[in-house]
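Q: Below is the structure I would like to discuss, written out as structure tokens.
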Amino acid sequence: MNDDKNYHQSNSKDSGKAPAAPANFSEETRILVINPEDLASKEPVKPKPSCLVLVYGEGDLGKRFEINTDHTTIGRSAACTICINDESVSRTHCLIDLLSDGSLAVRDNKSTNGTLINNNVVRGQQKLQDGDQLKLGGVIFKFITGQNIENDYYNEIYRLTTVDGLTQIYNKRYYVEALTREMSRARRYSRALTLIMFDIDFFKKINDTYGHLAGDYVLSRLAATISGVIRKEDIFARYGGEEFSIILPEIAIDNARFFAEKIRRVIEMTQFIYQDQSIAVTISLGIAAYDLVMNTPDDFIKDADMNLYTAKRSGRNCSVG
């Protein structure tokens, strides 16, 4: 009876109360929060429309290659997703992978000549950004991505008609048109106009010693270096091969001579290092001033070219005009 009494007394005391928790039991362990969104299956991120456009190298410039698989291979082999018939490109040169966040990343596949993005060597896996230049050996693609891909593609096609794919400065076609306009302007308004023609000294020797890819590197680095020191109104173009030209509107001959010497010194002092090899680079320059007897761009260019050849005969790495 005493046991029953104790039992009922105990029961009546604790009636309506939760059993006491052990001393080491915290409130945090009592609560389990379940977010319904965590239970739902997440949709994979859809990739943006993307493509590569051939801007330099063998093949059809402006050709568009869609990237619409999880893994895209690029190389010389016919088995690659994008097949490039160029000896400087390895059989399976690089791979482009679709990442979980919908972006695309490139990785080199132990290629002979390496994979570069914007002239920087790809090490490991590197994400591609809209407008990036992807260089495989002697071939360059431009990467385009986004919802306005069609518009961007046609803008790039137009750009290819005016810009040199390797050096990213104006090409000869645009240069001749621009020189025609500037000559007409100088004639109409009696304004000064000068022209600089220059080329790289012993460029064939650079190609023969270090290889054609090293020659491409020298051309693109030289163009980028000089682009950094010219005015916005100057027109800098690759005239052909290793020959370049700068149109200087409203610049008299004395200032043009000063500027020619400036860029000669800049190039002479610039380090050109390709695959850990230092390459000595100098230029020879010819300068000419516009004269009313010059009727065509060829007349003007011929004058500057004659001075360029005089500079070469004078020992190179100098300017004449």
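Letters A, B, ... go to the chains of the structure tokens in the order shown; residues in each chain start at 1; ligands are counted from 1 in the same order.
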Excluding same-chain residues fewer than 4 positions from Asn317 of chain A, what lies within 6 Å of it counting only C-alpha atoms, as an mmCIF file with all heavy atoms, in the first residue's frame?
A:
data_model
loop_
_atom_site.group_PDB
_atom_site.id
_atom_site.type_symbol
_atom_site.label_atom_id
_atom_site.label_comp_id
_atom_site.auth_asym_id
_atom_site.auth_seq_id
_atom_site.Cartn_x
_atom_site.Cartn_y
_atom_site.Cartn_z
ATOM 1 N N THR A 282 64.792 45.014 -81.849
ATOM 2 C CA THR A 282 64.939 46.427 -82.196
ATOM 3 C C THR A 282 64.149 46.695 -83.471
ATOM 4 O O THR A 282 63.764 45.763 -84.193
ATOM 5 C CB THR A 282 66.416 46.821 -82.418
ATOM 6 O OG1 THR A 282 66.966 46.023 -83.484
ATOM 7 C CG2 THR A 282 67.239 46.614 -81.161
ATOM 8 N N ILE A 283 63.916 47.968 -83.754
ATOM 9 C CA ILE A 283 63.180 48.344 -84.964
ATOM 10 C C ILE A 283 63.907 49.434 -85.722
ATOM 11 O O ILE A 283 64.675 50.210 -85.149
ATOM 12 C CB ILE A 283 61.742 48.806 -84.628
ATOM 13 C CG1 ILE A 283 61.755 49.978 -83.628
ATOM 14 C CG2 ILE A 283 60.904 47.653 -84.090
ATOM 15 C CD1 ILE A 283 60.373 50.577 -83.339
ATOM 16 N N SER A 284 63.642 49.501 -87.020
ATOM 17 C CA SER A 284 64.136 50.583 -87.874
ATOM 18 C C SER A 284 62.925 51.338 -88.398
ATOM 19 O O SER A 284 61.891 50.737 -88.725
ATOM 20 C CB SER A 284 64.949 50.027 -89.038
ATOM 21 O OG SER A 284 66.086 49.331 -88.564
#
Q: Pick out the residues sitting within 10 Å of Asn119 of chain A, and hand them over as a list in words; count only C-alpha atoms, and ignore anything fewer than 4 positions along from it in its own chain.
A: Thr115, Asp132, Gln133, Leu134, Lys135, Tyr217, Ser220 and Arg221 of chain A
Q: Keeping only N, CA, C and O atoms, write the selected residues to a file as a PDB file, in the first residue's frame.
A:
ATOM      1  N   THR A 115      48.536  26.226 -74.065  1.00  0.00           N
ATOM      2  CA  THR A 115      47.249  26.903 -74.228  1.00  0.00           C
ATOM      3  C   THR A 115      47.317  28.208 -73.454  1.00  0.00           C
ATOM      4  O   THR A 115      47.754  28.231 -72.299  1.00  0.00           O
ATOM      5  N   ASP A 132      37.356  36.773 -73.955  1.00  0.00           N
ATOM      6  CA  ASP A 132      38.705  36.208 -73.814  1.00  0.00           C
ATOM      7  C   ASP A 132      39.240  35.730 -75.164  1.00  0.00           C
ATOM      8  O   ASP A 132      38.485  35.243 -76.013  1.00  0.00           O
ATOM      9  N   GLN A 133      40.566  35.847 -75.315  1.00  0.00           N
ATOM     10  CA  GLN A 133      41.232  35.268 -76.486  1.00  0.00           C
ATOM     11  C   GLN A 133      41.903  33.970 -76.058  1.00  0.00           C
ATOM     12  O   GLN A 133      42.715  33.957 -75.133  1.00  0.00           O
ATOM     13  N   LEU A 134      41.550  32.902 -76.751  1.00  0.00           N
ATOM     14  CA  LEU A 134      42.096  31.572 -76.459  1.00  0.00           C
ATOM     15  C   LEU A 134      43.084  31.222 -77.564  1.00  0.00           C
ATOM     16  O   LEU A 134      42.713  31.126 -78.733  1.00  0.00           O
ATOM     17  N   LYS A 135      44.351  31.056 -77.177  1.00  0.00           N
ATOM     18  CA  LYS A 135      45.406  30.799 -78.167  1.00  0.00           C
ATOM     19  C   LYS A 135      45.931  29.380 -78.016  1.00  0.00           C
ATOM     20  O   LYS A 135      46.365  28.969 -76.942  1.00  0.00           O
ATOM     21  N   TYR A 217      54.697  35.861 -80.885  1.00  0.00           N
ATOM     22  CA  TYR A 217      54.747  36.499 -79.563  1.00  0.00           C
ATOM     23  C   TYR A 217      55.393  37.884 -79.664  1.00  0.00           C
ATOM     24  O   TYR A 217      54.895  38.870 -79.090  1.00  0.00           O
ATOM     25  N   SER A 220      52.970  40.406 -81.328  1.00  0.00           N
ATOM     26  CA  SER A 220      51.848  40.827 -80.486  1.00  0.00           C
ATOM     27  C   SER A 220      52.326  41.669 -79.297  1.00  0.00           C
ATOM     28  O   SER A 220      51.670  42.654 -78.934  1.00  0.00           O
ATOM     29  N   ARG A 221      53.475  41.317 -78.720  1.00  0.00           N
ATOM     30  CA  ARG A 221      53.994  42.110 -77.582  1.00  0.00           C
ATOM     31  C   ARG A 221      54.444  43.493 -78.049  1.00  0.00           C
ATOM     32  O   ARG A 221      54.221  44.497 -77.357  1.00  0.00           O
TER      33      ARG A 221
END
Q: In Å, with one decimal, what is the gap from atom CA of Asn118 of chain A to atom CA of Phe141 of chain A?
A: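 Between these atoms lies a distance of 10.3 Å.
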Q: I'd like a table as JSON lines: residues in segment 102-179 of chain A with an atom no more than 9 Å from segment 83-94 of chain A, each row giving the shortest atom pair and its distance in Å to one decimal, only C-alpha atoms counted, sorted by chain and rising residue number.
A:
{"residue": "A:Val106", "atom": "CA", "partner": "A:Cys94", "partner_atom": "CA", "distance": 7.0}
{"residue": "A:Arg107", "atom": "CA", "partner": "A:Cys94", "partner_atom": "CA", "distance": 5.7}
{"residue": "A:Asp108", "atom": "CA", "partner": "A:Cys94", "partner_atom": "CA", "distance": 4.4}
{"residue": "A:Asn109", "atom": "CA", "partner": "A:Cys94", "partner_atom": "CA", "distance": 4.8}
{"residue": "A:Lys110", "atom": "CA", "partner": "A:His93", "partner_atom": "CA", "distance": 7.2}
{"residue": "A:Ser111", "atom": "CA", "partner": "A:His93", "partner_atom": "CA", "distance": 5.1}
{"residue": "A:Thr112", "atom": "CA", "partner": "A:Ser90", "partner_atom": "CA", "distance": 6.3}
{"residue": "A:Asn113", "atom": "CA", "partner": "A:Ser88", "partner_atom": "CA", "distance": 6.9}
{"residue": "A:Gly114", "atom": "CA", "partner": "A:His93", "partner_atom": "CA", "distance": 7.9}
{"residue": "A:Thr115", "atom": "CA", "partner": "A:Cys94", "partner_atom": "CA", "distance": 7.1}
{"residue": "A:Leu136", "atom": "CA", "partner": "A:Val89", "partner_atom": "CA", "distance": 6.1}
{"residue": "A:Gly137", "atom": "CA", "partner": "A:Ser88", "partner_atom": "CA", "distance": 4.8}
{"residue": "A:Gly138", "atom": "CA", "partner": "A:Ser88", "partner_atom": "CA", "distance": 5.9}
{"residue": "A:Val139", "atom": "CA", "partner": "A:Val89", "partner_atom": "CA", "distance": 7.6}
Q: Mind listing the helix (DSSP H, G or I) residues of segment 111-160 of chain A, per DSSP on the backbone, as an MDAnalysis selection string?
A: chainID A and resid 149:160
Q: List as a list in words the protein and nucleic acid residues near Val218 of chain A, meaning an atom at most 9 Å away when only C-alpha atoms are counted, but skip any in the same chain fewer than 6 places from it.
A: Ile206, Phe272, Ile273, Tyr274, Ile279 and Val281 of chain A
Q: Which residue out of A:Tyr239, A:Leu248, A:Cys318, A:Ala280 has the minimum interatomic distance to Phe203 of chain A when only C-alpha atoms are used?
A: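 Using only C-alpha atoms, Phe203 of chain A sits closest to A:Ala280.
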Q: Under the rule that only C-alpha atoms are counted, which of A:Val266, A:Leu95, A:Val55, A:Val293 is the nearest residue to Gly75 of chain A?
A: A:Leu95
Q: Out of A:Gly146, A:Asn120, A:Asp201, A:Ile157, which residue has the shortest atom-to-atom distance to Lys63 of chain A when counting only C-alpha atoms?
A: A:Ile157
Q: Write out as a VMD selection string the set of residues from segment 10-231 of chain A that DSSP, computed on the backbone, places in strand (DSSP E).
A: chain A and resid 50 to 56 64 to 66 71 to 75 82 to 83 94 to 98 104 to 108 115 to 117 120 to 121 125 to 127 133 to 136 139 to 145 193 to 200
